[in-house]
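**Q** Input upload_33.txt, format and content: compact mmCIF, C-alpha atoms.
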# COMPACT_ATOMS: atom_id res chain seq x y z
CA MET A 1 -64.38 -29.25 19.16
CA ARG A 2 -61.42 -30.67 17.25
CA VAL A 3 -58.06 -28.92 17.53
CA LEU A 4 -54.82 -29.47 15.61
CA GLY A 5 -51.84 -28.53 17.78
CA ILE A 6 -48.57 -27.79 16.01
CA ASP A 7 -45.14 -27.60 17.65
CA PRO A 8 -43.31 -25.94 14.74
CA GLY A 9 -39.77 -26.83 13.73
CA LEU A 10 -37.75 -27.26 10.57
CA THR A 11 -36.18 -30.59 11.56
CA ARG A 12 -39.11 -31.96 13.56
CA CYS A 13 -42.61 -30.47 13.40
CA GLY A 14 -45.02 -32.08 15.89
CA MET A 15 -48.72 -32.37 14.97
CA GLY A 16 -51.42 -33.63 17.33
CA VAL A 17 -55.19 -33.73 16.91
CA VAL A 18 -57.46 -33.77 19.98
CA ASP A 19 -61.25 -33.87 20.25
CA GLY A 20 -63.16 -32.55 23.23
CA SER A 21 -64.53 -29.62 25.16
CA VAL A 22 -64.04 -27.93 28.54
CA GLY A 23 -65.13 -30.18 31.44
CA ARG A 24 -65.31 -33.35 29.36
CA PRO A 25 -62.71 -36.08 28.76
CA LEU A 26 -60.48 -35.31 25.79
CA THR A 27 -59.66 -37.84 23.07
CA LEU A 28 -56.52 -38.34 21.02
CA VAL A 29 -57.38 -38.48 17.32
CA ASP A 30 -53.92 -38.68 15.77
CA VAL A 31 -50.34 -37.62 16.42
CA ASN A 32 -47.28 -37.45 14.19
CA VAL A 33 -43.94 -35.73 13.73
CA LEU A 34 -43.02 -34.34 10.31
CA ARG A 35 -39.29 -34.55 9.67
CA THR A 36 -37.20 -32.78 7.08
CA SER A 37 -33.53 -33.33 6.36
CA ALA A 38 -30.94 -30.65 7.18
CA ASP A 39 -29.22 -31.68 3.91
CA ARG A 40 -32.01 -30.09 1.87
CA PRO A 41 -32.42 -26.36 1.12
CA VAL A 42 -34.65 -24.50 3.58
CA ALA A 43 -37.19 -23.59 0.88
CA GLU A 44 -37.68 -27.26 0.03
CA ARG A 45 -37.99 -28.23 3.71
CA LEU A 46 -40.67 -25.58 4.18
CA VAL A 47 -42.61 -26.95 1.19
CA THR A 48 -42.47 -30.42 2.80
CA ILE A 49 -43.89 -28.93 6.01
CA GLU A 50 -46.60 -27.12 4.06
CA LYS A 51 -47.63 -30.38 2.34
CA GLY A 52 -47.65 -32.27 5.64
CA VAL A 53 -49.80 -29.68 7.43
CA ASP A 54 -52.16 -29.40 4.45
CA ALA A 55 -52.55 -33.18 4.33
CA TRP A 56 -53.51 -33.26 8.02
CA LEU A 57 -55.97 -30.40 7.64
CA ASP A 58 -57.59 -32.34 4.77
CA GLU A 59 -57.66 -35.58 6.72
CA HIS A 60 -58.72 -34.38 10.17
CA ARG A 61 -60.73 -31.21 9.41
CA PRO A 62 -60.01 -29.45 12.74
CA ASP A 63 -62.15 -26.52 13.97
CA ALA A 64 -59.06 -24.58 15.04
CA VAL A 65 -55.27 -24.73 14.89
CA ALA A 66 -53.09 -24.00 17.93
CA ILE A 67 -49.44 -23.20 17.25
CA GLU A 68 -46.60 -22.60 19.69
CA ARG A 69 -45.63 -18.94 19.80
CA VAL A 70 -41.96 -18.65 18.85
CA PHE A 71 -39.56 -16.52 20.86
CA ALA A 72 -35.92 -15.73 20.22
CA ARG A 73 -33.73 -18.13 22.18
CA SER A 74 -30.03 -18.64 22.41
CA ASP A 75 -29.69 -20.73 19.25
CA VAL A 76 -30.47 -18.14 16.59
CA SER A 77 -30.16 -20.50 13.62
CA THR A 78 -32.82 -22.80 15.10
CA VAL A 79 -35.22 -20.01 16.01
CA MET A 80 -35.26 -18.66 12.44
CA GLY A 81 -36.26 -22.07 11.07
CA THR A 82 -38.87 -22.47 13.80
CA ALA A 83 -40.32 -19.04 13.01
CA GLN A 84 -40.48 -19.93 9.31
CA ALA A 85 -42.14 -23.30 9.99
CA SER A 86 -44.69 -21.61 12.28
CA GLY A 87 -45.43 -19.04 9.56
CA ILE A 88 -46.12 -21.84 7.06
CA ALA A 89 -48.43 -23.62 9.54
CA MET A 90 -50.31 -20.33 10.16
CA VAL A 91 -50.78 -19.75 6.43
CA CYS A 92 -52.03 -23.32 5.84
CA ALA A 93 -54.73 -22.77 8.48
CA ALA A 94 -55.62 -19.15 7.67
CA ARG A 95 -55.96 -19.91 3.94
CA ARG A 96 -58.82 -22.24 4.88
CA GLY A 97 -60.40 -19.64 7.15
CA LEU A 98 -59.56 -21.68 10.27
CA PRO A 99 -58.95 -19.78 13.53
CA VAL A 100 -55.25 -19.76 14.43
CA ALA A 101 -54.24 -19.40 18.08
CA LEU A 102 -50.71 -18.94 19.38
CA HIS A 103 -49.85 -20.20 22.86
CA THR A 104 -46.54 -19.62 24.60
CA PRO A 105 -44.59 -22.62 25.97
CA SER A 106 -45.27 -21.46 29.54
CA GLU A 107 -49.02 -21.12 28.88
CA VAL A 108 -49.02 -24.69 27.58
CA LYS A 109 -47.01 -26.02 30.53
CA ALA A 110 -49.27 -24.18 32.98
CA ALA A 111 -52.45 -25.44 31.28
CA VAL A 112 -51.53 -29.13 31.24
CA SER A 113 -49.46 -29.41 34.43
CA GLY A 114 -50.40 -26.39 36.55
CA ASN A 115 -46.76 -25.27 36.43
CA GLY A 116 -45.52 -22.83 33.77
CA ARG A 117 -41.96 -24.09 34.29
CA ALA A 118 -42.67 -27.82 33.99
CA ASP A 119 -40.06 -29.85 32.10
CA LYS A 120 -40.58 -32.00 28.99
CA ALA A 121 -41.07 -35.19 31.00
CA GLN A 122 -43.77 -33.61 33.21
CA VAL A 123 -45.63 -32.26 30.16
CA GLY A 124 -45.38 -35.67 28.46
CA ALA A 125 -46.66 -37.45 31.59
CA MET A 126 -49.63 -35.08 31.93
CA VAL A 127 -50.54 -35.41 28.22
CA THR A 128 -50.47 -39.21 28.64
CA ARG A 129 -52.79 -38.96 31.67
CA ILE A 130 -55.17 -36.36 30.22
CA LEU A 131 -55.65 -38.37 27.00
CA ARG A 132 -55.63 -41.74 28.88
CA LEU A 133 -52.85 -43.15 26.69
CA ASP A 134 -50.97 -46.40 27.36
CA ALA A 135 -47.58 -44.79 26.71
CA MET A 136 -46.08 -41.33 26.55
CA PRO A 137 -46.13 -39.94 22.97
CA LYS A 138 -42.58 -39.83 21.58
CA PRO A 139 -40.60 -37.78 20.60
CA ALA A 140 -41.21 -34.74 22.83
CA ASP A 141 -42.43 -32.76 19.78
CA ALA A 142 -45.40 -35.14 19.50
CA ALA A 143 -46.33 -34.67 23.18
CA ASP A 144 -45.87 -30.90 22.86
CA ALA A 145 -48.21 -30.73 19.88
CA LEU A 146 -50.88 -32.63 21.84
CA ALA A 147 -50.31 -30.33 24.84
CA LEU A 148 -50.94 -27.34 22.56
CA ALA A 149 -54.23 -28.82 21.36
CA ILE A 150 -55.30 -29.60 24.95
CA THR A 151 -54.35 -26.07 26.06
CA HIS A 152 -56.42 -24.58 23.27
CA ILE A 153 -59.51 -26.57 24.18
CA TRP A 154 -59.17 -25.79 27.90
CA ARG A 155 -58.41 -22.12 27.52
CA GLY A 156 -61.37 -21.94 25.16
CA GLY A 157 -62.75 -19.14 23.10
CA ALA A 158 -62.69 -16.57 25.92
CA GLN A 159 -58.90 -16.42 25.82
CA ALA A 160 -58.93 -15.99 22.05
CA ARG A 161 -61.19 -12.96 22.47
CA ILE A 162 -58.93 -11.48 25.17
CA ASP A 163 -55.87 -11.99 22.94
CA GLN A 164 -57.60 -10.32 20.01
CA ALA A 165 -58.61 -7.31 22.15
CA LEU A 166 -55.04 -7.01 23.46
CA ALA A 167 -53.58 -7.24 19.96
CA ALA A 168 -55.94 -4.52 18.74
CA ALA A 169 -55.05 -2.31 21.73
CA THR A 170 -51.33 -2.81 21.10
CA ALA A 171 -51.77 -1.98 17.42
CA ARG A 172 -53.69 1.20 18.36
CA ALA A 173 -50.99 2.21 20.85
CA ARG A 174 -48.32 1.63 18.19
CA SER A 175 -50.14 3.65 15.53
CA ARG A 176 -50.40 6.58 17.97
CA ARG A 177 -46.63 6.63 18.49
CA MET B 178 -32.25 -13.99 -16.84
CA ARG B 179 -35.16 -12.55 -14.87
CA VAL B 180 -34.89 -12.38 -11.08
CA LEU B 181 -37.49 -11.48 -8.45
CA GLY B 182 -35.80 -9.93 -5.42
CA ILE B 183 -37.74 -9.98 -2.15
CA ASP B 184 -36.93 -7.91 0.95
CA PRO B 185 -39.19 -9.78 3.37
CA GLY B 186 -41.19 -8.08 6.10
CA LEU B 187 -44.59 -8.37 7.74
CA THR B 188 -45.44 -4.66 7.55
CA ARG B 189 -43.61 -3.90 4.29
CA CYS B 190 -42.41 -6.58 1.88
CA GLY B 191 -40.38 -5.19 -1.03
CA MET B 192 -40.54 -6.96 -4.41
CA GLY B 193 -38.42 -6.02 -7.42
CA VAL B 194 -38.03 -7.72 -10.80
CA VAL B 195 -34.87 -7.21 -12.85
CA ASP B 196 -33.88 -8.59 -16.27
CA GLY B 197 -30.29 -9.05 -17.37
CA SER B 198 -27.07 -11.01 -17.23
CA VAL B 199 -23.49 -10.53 -16.05
CA GLY B 200 -21.63 -7.91 -18.11
CA ARG B 201 -24.76 -6.49 -19.74
CA PRO B 202 -26.95 -3.55 -18.72
CA LEU B 203 -29.74 -4.58 -16.33
CA THR B 204 -33.37 -3.53 -16.77
CA LEU B 205 -36.05 -2.78 -14.19
CA VAL B 206 -39.18 -4.77 -14.97
CA ASP B 207 -41.38 -3.88 -11.97
CA VAL B 208 -41.11 -2.89 -8.33
CA ASN B 209 -43.65 -2.79 -5.51
CA VAL B 210 -44.03 -2.92 -1.74
CA LEU B 211 -46.66 -5.22 -0.24
CA ARG B 212 -48.08 -3.77 2.96
CA THR B 213 -50.11 -5.48 5.68
CA SER B 214 -51.71 -3.83 8.67
CA ALA B 215 -50.42 -4.44 12.20
CA ASP B 216 -54.11 -4.43 13.29
CA ARG B 217 -54.66 -7.80 11.62
CA PRO B 218 -53.69 -11.23 13.00
CA VAL B 219 -50.26 -12.46 11.87
CA ALA B 220 -51.75 -15.50 10.09
CA GLU B 221 -53.95 -13.23 7.95
CA ARG B 222 -51.03 -10.92 7.17
CA LEU B 223 -48.94 -13.89 6.04
CA VAL B 224 -51.75 -15.03 3.72
CA THR B 225 -51.80 -11.51 2.19
CA ILE B 226 -48.05 -11.76 1.58
CA GLU B 227 -48.45 -15.22 0.06
CA LYS B 228 -51.11 -13.92 -2.35
CA GLY B 229 -48.96 -10.92 -3.31
CA VAL B 230 -45.87 -13.01 -4.01
CA ASP B 231 -47.89 -15.60 -5.94
CA ALA B 232 -49.50 -12.87 -8.04
CA TRP B 233 -46.06 -11.51 -8.97
CA LEU B 234 -44.69 -14.95 -9.80
CA ASP B 235 -47.70 -15.44 -12.11
CA GLU B 236 -47.30 -12.04 -13.72
CA HIS B 237 -43.52 -11.83 -14.12
CA ARG B 238 -42.44 -15.49 -14.43
CA PRO B 239 -38.93 -15.01 -12.99
CA ASP B 240 -36.19 -17.62 -13.52
CA ALA B 241 -35.06 -17.34 -9.90
CA VAL B 242 -36.07 -15.71 -6.61
CA ALA B 243 -33.51 -13.93 -4.39
CA ILE B 244 -34.55 -13.33 -0.78
CA GLU B 245 -32.74 -11.47 1.99
CA ARG B 246 -31.30 -13.86 4.56
CA VAL B 247 -32.80 -12.98 7.94
CA PHE B 248 -30.62 -12.69 11.04
CA ALA B 249 -31.64 -12.08 14.63
CA ARG B 250 -31.36 -8.39 15.42
CA SER B 251 -32.12 -6.35 18.48
CA ASP B 252 -35.87 -6.02 17.82
CA VAL B 253 -36.97 -9.61 18.35
CA SER B 254 -40.67 -9.01 17.58
CA THR B 255 -39.75 -7.65 14.14
CA VAL B 256 -37.30 -10.41 13.30
CA MET B 257 -39.88 -13.14 13.94
CA GLY B 258 -42.31 -11.54 11.47
CA THR B 259 -39.51 -11.07 8.96
CA ALA B 260 -38.47 -14.72 9.28
CA GLN B 261 -42.09 -15.81 8.78
CA ALA B 262 -42.54 -13.57 5.72
CA SER B 263 -39.28 -14.89 4.24
CA GLY B 264 -40.46 -18.46 4.82
CA ILE B 265 -43.69 -17.74 2.92
CA ALA B 266 -41.75 -16.18 0.02
CA MET B 267 -39.45 -19.22 -0.11
CA VAL B 268 -42.41 -21.61 -0.21
CA CYS B 269 -44.15 -19.65 -2.98
CA ALA B 270 -41.03 -19.95 -5.14
CA ALA B 271 -40.04 -23.52 -4.22
CA ARG B 272 -43.59 -24.83 -4.84
CA ARG B 273 -43.12 -23.79 -8.47
CA GLY B 274 -39.70 -25.42 -8.65
CA LEU B 275 -37.97 -22.03 -8.91
CA PRO B 276 -34.43 -21.74 -7.53
CA VAL B 277 -34.40 -19.78 -4.26
CA ALA B 278 -31.22 -17.94 -3.24
CA LEU B 279 -30.61 -16.20 0.07
CA HIS B 280 -28.24 -13.25 0.19
CA THR B 281 -27.16 -11.46 3.36
CA PRO B 282 -27.58 -7.69 3.65
CA SER B 283 -23.80 -7.21 3.54
CA GLU B 284 -23.48 -9.36 0.39
CA VAL B 285 -26.12 -7.19 -1.26
CA LYS B 286 -24.46 -3.94 -0.15
CA ALA B 287 -21.06 -5.18 -1.34
CA ALA B 288 -22.44 -6.34 -4.70
CA VAL B 289 -24.21 -3.09 -5.62
CA SER B 290 -21.94 -0.52 -3.97
CA GLY B 291 -18.60 -2.28 -3.42
CA ASN B 292 -18.99 -1.67 0.33
CA GLY B 293 -20.57 -4.28 2.61
CA ARG B 294 -21.38 -1.57 5.15
CA ALA B 295 -23.05 0.91 2.77
CA ASP B 296 -26.11 2.73 4.16
CA LYS B 297 -29.67 2.71 2.74
CA ALA B 298 -29.10 5.93 0.76
CA GLN B 299 -25.94 4.58 -0.90
CA VAL B 300 -27.69 1.33 -1.86
CA GLY B 301 -30.67 3.29 -3.22
CA ALA B 302 -28.38 5.59 -5.22
CA MET B 303 -26.48 2.66 -6.74
CA VAL B 304 -29.70 0.81 -7.64
CA THR B 305 -30.92 3.99 -9.36
CA ARG B 306 -27.67 4.23 -11.33
CA ILE B 307 -27.38 0.53 -12.20
CA LEU B 308 -30.94 0.39 -13.52
CA ARG B 309 -30.70 3.88 -15.10
CA LEU B 310 -33.80 5.14 -13.29
CA ASP B 311 -34.97 8.77 -13.18
CA ALA B 312 -35.54 8.66 -9.43
CA MET B 313 -34.56 6.50 -6.46
CA PRO B 314 -37.13 3.73 -5.79
CA LYS B 315 -39.07 4.51 -2.61
CA PRO B 316 -39.51 3.30 0.11
CA ALA B 317 -36.14 1.71 0.99
CA ASP B 318 -37.76 -1.78 0.89
CA ALA B 319 -38.37 -1.30 -2.87
CA ALA B 320 -34.73 -0.34 -3.50
CA ASP B 321 -33.53 -3.23 -1.30
CA ALA B 322 -35.62 -5.74 -3.27
CA LEU B 323 -34.11 -4.48 -6.55
CA ALA B 324 -30.62 -4.61 -5.00
CA LEU B 325 -31.27 -8.28 -4.12
CA ALA B 326 -32.26 -9.07 -7.71
CA ILE B 327 -29.17 -7.23 -9.06
CA THR B 328 -26.92 -9.07 -6.59
CA HIS B 329 -28.34 -12.40 -7.67
CA ILE B 330 -27.72 -11.72 -11.36
CA TRP B 331 -24.19 -10.45 -10.74
CA ARG B 332 -23.16 -13.18 -8.32
CA GLY B 333 -24.53 -15.67 -10.83
CA GLY B 334 -24.91 -19.39 -10.69
CA ALA B 335 -21.35 -20.05 -9.47
CA GLN B 336 -22.16 -18.61 -6.05
CA ALA B 337 -25.31 -20.72 -5.80
CA ARG B 338 -23.22 -23.84 -6.38
CA ILE B 339 -20.68 -22.77 -3.75
CA ASP B 340 -23.49 -22.12 -1.24
CA GLN B 341 -25.05 -25.51 -1.94
CA ALA B 342 -21.70 -27.29 -1.45
CA LEU B 343 -21.14 -25.40 1.83
CA ALA B 344 -24.64 -26.26 3.07
CA ALA B 345 -24.11 -29.93 2.27
CA ALA B 346 -20.71 -29.92 4.03
CA THR B 347 -22.24 -28.25 7.11
CA ALA B 348 -25.05 -30.80 7.18
CA ARG B 349 -22.54 -33.66 6.95
CA ALA B 350 -20.42 -32.14 9.75
CA ARG B 351 -23.57 -31.80 11.90
CA SER B 352 -24.70 -35.38 11.30
CA ARG B 353 -21.25 -36.65 12.36
CA ARG B 354 -21.48 -34.84 15.72
Would you write out, as structure tokens, the structure that this file holds?
**A**
Amino acid sequence: MRVLGIDPGLTRCGMGVVDGSVGRPLTLVDVNVLRTSADRPVAERLVTIEKGVDAWLDEHRPDAVAIERVFARSDVSTVMGTAQASGIAMVCAARRGLPVALHTPSEVKAAVSGNGRADKAQVGAMVTRILRLDAMPKPADAADALALAITHIWRGGAQARIDQALAAATARARSRR
Amino acid sequence: MRVLGIDPGLTRCGMGVVDGSVGRPLTLVDVNVLRTSADRPVAERLVTIEKGVDAWLDEHRPDAVAIERVFARSDVSTVMGTAQASGIAMVCAARRGLPVALHTPSEVKAAVSGNGRADKAQVGAMVTRILRLDAMPKPADAADALALAITHIWRGGAQARIDQALAAATARARSRR
């Protein structure tokens, strides 16, 4: 199974491709960070992100795309851009019929390090070990994207089915309100 | 000048097309609300919105697209979807090289009603009057999309140039920090 992990962001969007399956060693295929300039209009920056994600989907042909689930944080201006970048990444994948999974930062930290509150350095160190790399991927967005891909492979399809069932149940509960 | 106004949302995305120029009567060209079901995955819903916006850009060939600027509000789950939908709308327009303008809700309210704190009913009533319609566009998302298009025409190109200069100045200030 090949997974493209995406750590969405308007200024830096991490992308990491990992091959592997549960219980087998995982392999790094490619990792990169898309950058867009804060001097440019948001619409243009989002088009740059769309092109970058599309180019990687063409090149690496992943079986699934794992994207960090965005939550509101203190810096509202950043979270809006992150939400928009994640939306673009989702559309790029869904347009091709690829499964899209969203993992929260704490799910990713827990999956790769066993601790849902691990810091950036711990996540980076575990990604380096899991993928048997010579050096820690830099910047942190690159390591985070790889951690997302690893998480997706390890959590496997079972989790995707649980998430789908939960989403359907939530939607039913909402429609009854 | 023909403007497509978009009131972005995951569940309901309002789209309104208005023809006209400053100091002349404005004309309603078309108005619609794209709906996507909360039962479906977000990625799929965003693809539906992308298709809907693209179809309208093909059909109506606007000169510019005006989108509501999204702010964080109390309901965080809604604002994330709204930010994602607005990102998709921006990309659809920018991919075609169309100018994208963002207007805040209070700018829109002030432009159509003279009061930046007008309520939905007041905005709807003013849109109905400005476009000389027989009835108020329903639901509110439809009226809001038309109000965005009207605002864009009335605020004109001067405002777009001011916004661009401000954005560039902010970016320069940030890069100096």
**Q** One decimal, Å: what's the distance from CA of Pro105 (chain A) over to CA of Ser175 (chain A), could you say?
**A**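 CA of Pro105 (chain A) sits 28.8 Å away from CA of Ser175 (chain A).
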**Q** For a test of reading the model, state the distance in Å between CA of Lys286 (chain B) and CA of Ala326 (chain B), rounded to one decimal.
**A**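 Spanning CA of Lys286 (chain B) to CA of Ala326 (chain B) is a straight-line distance of 12.0 Å.
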**Q** Identify all chain A residues at most 9 Å from chain B by counting only C-alpha atoms; ligands do not count. Present them as a compact mmCIF listing (two decimals) with C-alpha atoms, in the frame of the given file.
**A**
# COMPACT_ATOMS: atom_id res chain seq x y z
CA SER A 37 -33.53 -33.33 6.36
CA ALA A 38 -30.94 -30.65 7.18
CA ASP A 39 -29.22 -31.68 3.91
CA ARG A 40 -32.01 -30.09 1.87
CA PRO A 41 -32.42 -26.36 1.12
CA VAL A 42 -34.65 -24.50 3.58
CA ALA A 43 -37.19 -23.59 0.88
CA GLU A 44 -37.68 -27.26 0.03
CA ARG A 45 -37.99 -28.23 3.71
CA LEU A 46 -40.67 -25.58 4.18
CA VAL A 47 -42.61 -26.95 1.19
CA GLU A 50 -46.60 -27.12 4.06
CA VAL A 70 -41.96 -18.65 18.85
CA PHE A 71 -39.56 -16.52 20.86
CA ALA A 72 -35.92 -15.73 20.22
CA VAL A 76 -30.47 -18.14 16.59
CA SER A 77 -30.16 -20.50 13.62
CA VAL A 79 -35.22 -20.01 16.01
CA MET A 80 -35.26 -18.66 12.44
CA GLY A 81 -36.26 -22.07 11.07
CA THR A 82 -38.87 -22.47 13.80
CA ALA A 83 -40.32 -19.04 13.01
CA GLN A 84 -40.48 -19.93 9.31
CA ALA A 85 -42.14 -23.30 9.99
CA SER A 86 -44.69 -21.61 12.28
CA GLY A 87 -45.43 -19.04 9.56
CA ILE A 88 -46.12 -21.84 7.06
CA ALA A 89 -48.43 -23.62 9.54
CA MET A 90 -50.31 -20.33 10.16
CA VAL A 91 -50.78 -19.75 6.43
CA CYS A 92 -52.03 -23.32 5.84
CA ALA A 93 -54.73 -22.77 8.48
CA ALA A 94 -55.62 -19.15 7.67
CA ARG A 95 -55.96 -19.91 3.94
CA VAL A 100 -55.25 -19.76 14.43
CA GLN A 164 -57.60 -10.32 20.01
CA ALA A 167 -53.58 -7.24 19.96
CA ALA A 168 -55.94 -4.52 18.74
CA ALA A 169 -55.05 -2.31 21.73
CA THR A 170 -51.33 -2.81 21.10
CA ALA A 171 -51.77 -1.98 17.42
CA ARG A 172 -53.69 1.20 18.36
CA ARG A 174 -48.32 1.63 18.19
CA SER A 175 -50.14 3.65 15.53
**Q** Would you mind telling me which residue in B:Pro314, B:Gly291, B:Gly186, B:Gly193 lies nearest to Ile327 (chain B) when using all atoms listed in the file?
**A**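 Using all atoms listed in the file, Ile327 (chain B) sits closest to B:Gly193.
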**Q** Name the residues within 7 Å of (-27.2, 0.9, -8.4), counting all atoms listed in the file in the file's coordinates, and put them as number ranges by chain.
**A** B: 289, 300-308
**Q** Restricting the calculation to all atoms listed in the file: of A:Glu107, A:Arg117, A:Trp154, A:Leu148, which residue gets closest to Pro25 (chain A)?
**A**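 The closest residue to Pro25 (chain A) is A:Trp154.
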**Q** Skip Val65 (chain A) itself and residues of its chain fewer than 6 positions away, then list as a compact mmCIF listing (two decimals) with C-alpha atoms, keeping the file's coordinate frame all residues within 6 Å of it, counting all atoms listed in the file.
**A**
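The resulting part-v8.txt:
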# COMPACT_ATOMS: atom_id res chain seq x y z
CA VAL A 3 -58.06 -28.92 17.53
CA LEU A 4 -54.82 -29.47 15.61
CA GLY A 5 -51.84 -28.53 17.78
CA VAL A 100 -55.25 -19.76 14.43
**Q** Extract, using only C-alpha atoms, all DNA, RNA and protein residues at most 10 Å from Asp30 (chain A), discarding same-chain residues fewer than 3 positions from it, and format them as a short mmCIF file (atom, residue, chain, number, x, y, z; two decimals) with C-alpha atoms, keeping the file's coordinate frame.
**A**
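And here's around.cif as it stands now:
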data_model
loop_
_atom_site.label_atom_id
_atom_site.label_comp_id
_atom_site.auth_asym_id
_atom_site.auth_seq_id
_atom_site.Cartn_x
_atom_site.Cartn_y
_atom_site.Cartn_z
CA LEU A 4 -54.82 -29.47 15.61
CA MET A 15 -48.72 -32.37 14.97
CA GLY A 16 -51.42 -33.63 17.33
CA VAL A 17 -55.19 -33.73 16.91
CA VAL A 18 -57.46 -33.77 19.98
CA ASP A 19 -61.25 -33.87 20.25
CA THR A 27 -59.66 -37.84 23.07
CA TRP A 56 -53.51 -33.26 8.02
CA HIS A 60 -58.72 -34.38 10.17
CA ALA A 142 -45.40 -35.14 19.50
CA LEU A 146 -50.88 -32.63 21.84
#
**Q** Any idea what the distance is between CA of Thr78 (chain A) and CA of Pro8 (chain A)?
**A**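 These atoms are spaced 11.0 Å apart.
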**Q** Which neighbours of Ile183 (chain B) fall inside 6 Å, counting all atoms listed in the file, when residues of the same chain fewer than 4 positions from it are skipped, and could you give them as a CSV table (one decimal) with C-alpha atoms, in the coordinates of the input?
**A**
chain,number,residue,atom,x,y,z
B,191,GLY,CA,-40.4,-5.2,-1.0
B,192,MET,CA,-40.5,-7.0,-4.4
B,244,ILE,CA,-34.6,-13.3,-0.8
B,322,ALA,CA,-35.6,-5.7,-3.3
**Q** Between A:Pro62, A:Gly20, A:Pro139, A:Gly52, which residue has the minimum interatomic distance to Gly156 (chain A), considering all atoms listed in the file?
**A**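 Among A:Pro62, A:Gly20, A:Pro139, A:Gly52, it is A:Gly20 that comes nearest to Gly156 (chain A).
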**Q** Using all atoms listed in the file, find the one residue out of B:Arg189, B:Arg201, B:Arg179, B:Arg212 that sits nearest to Arg238 (chain B).
**A** B:Arg179
**Q** When distances are computed from all atoms listed in the file, which of A:Val53, A:Cys13, A:Ala140, A:Val33 shows the smallest separation from Ala121 (chain A)?
**A** A:Ala140
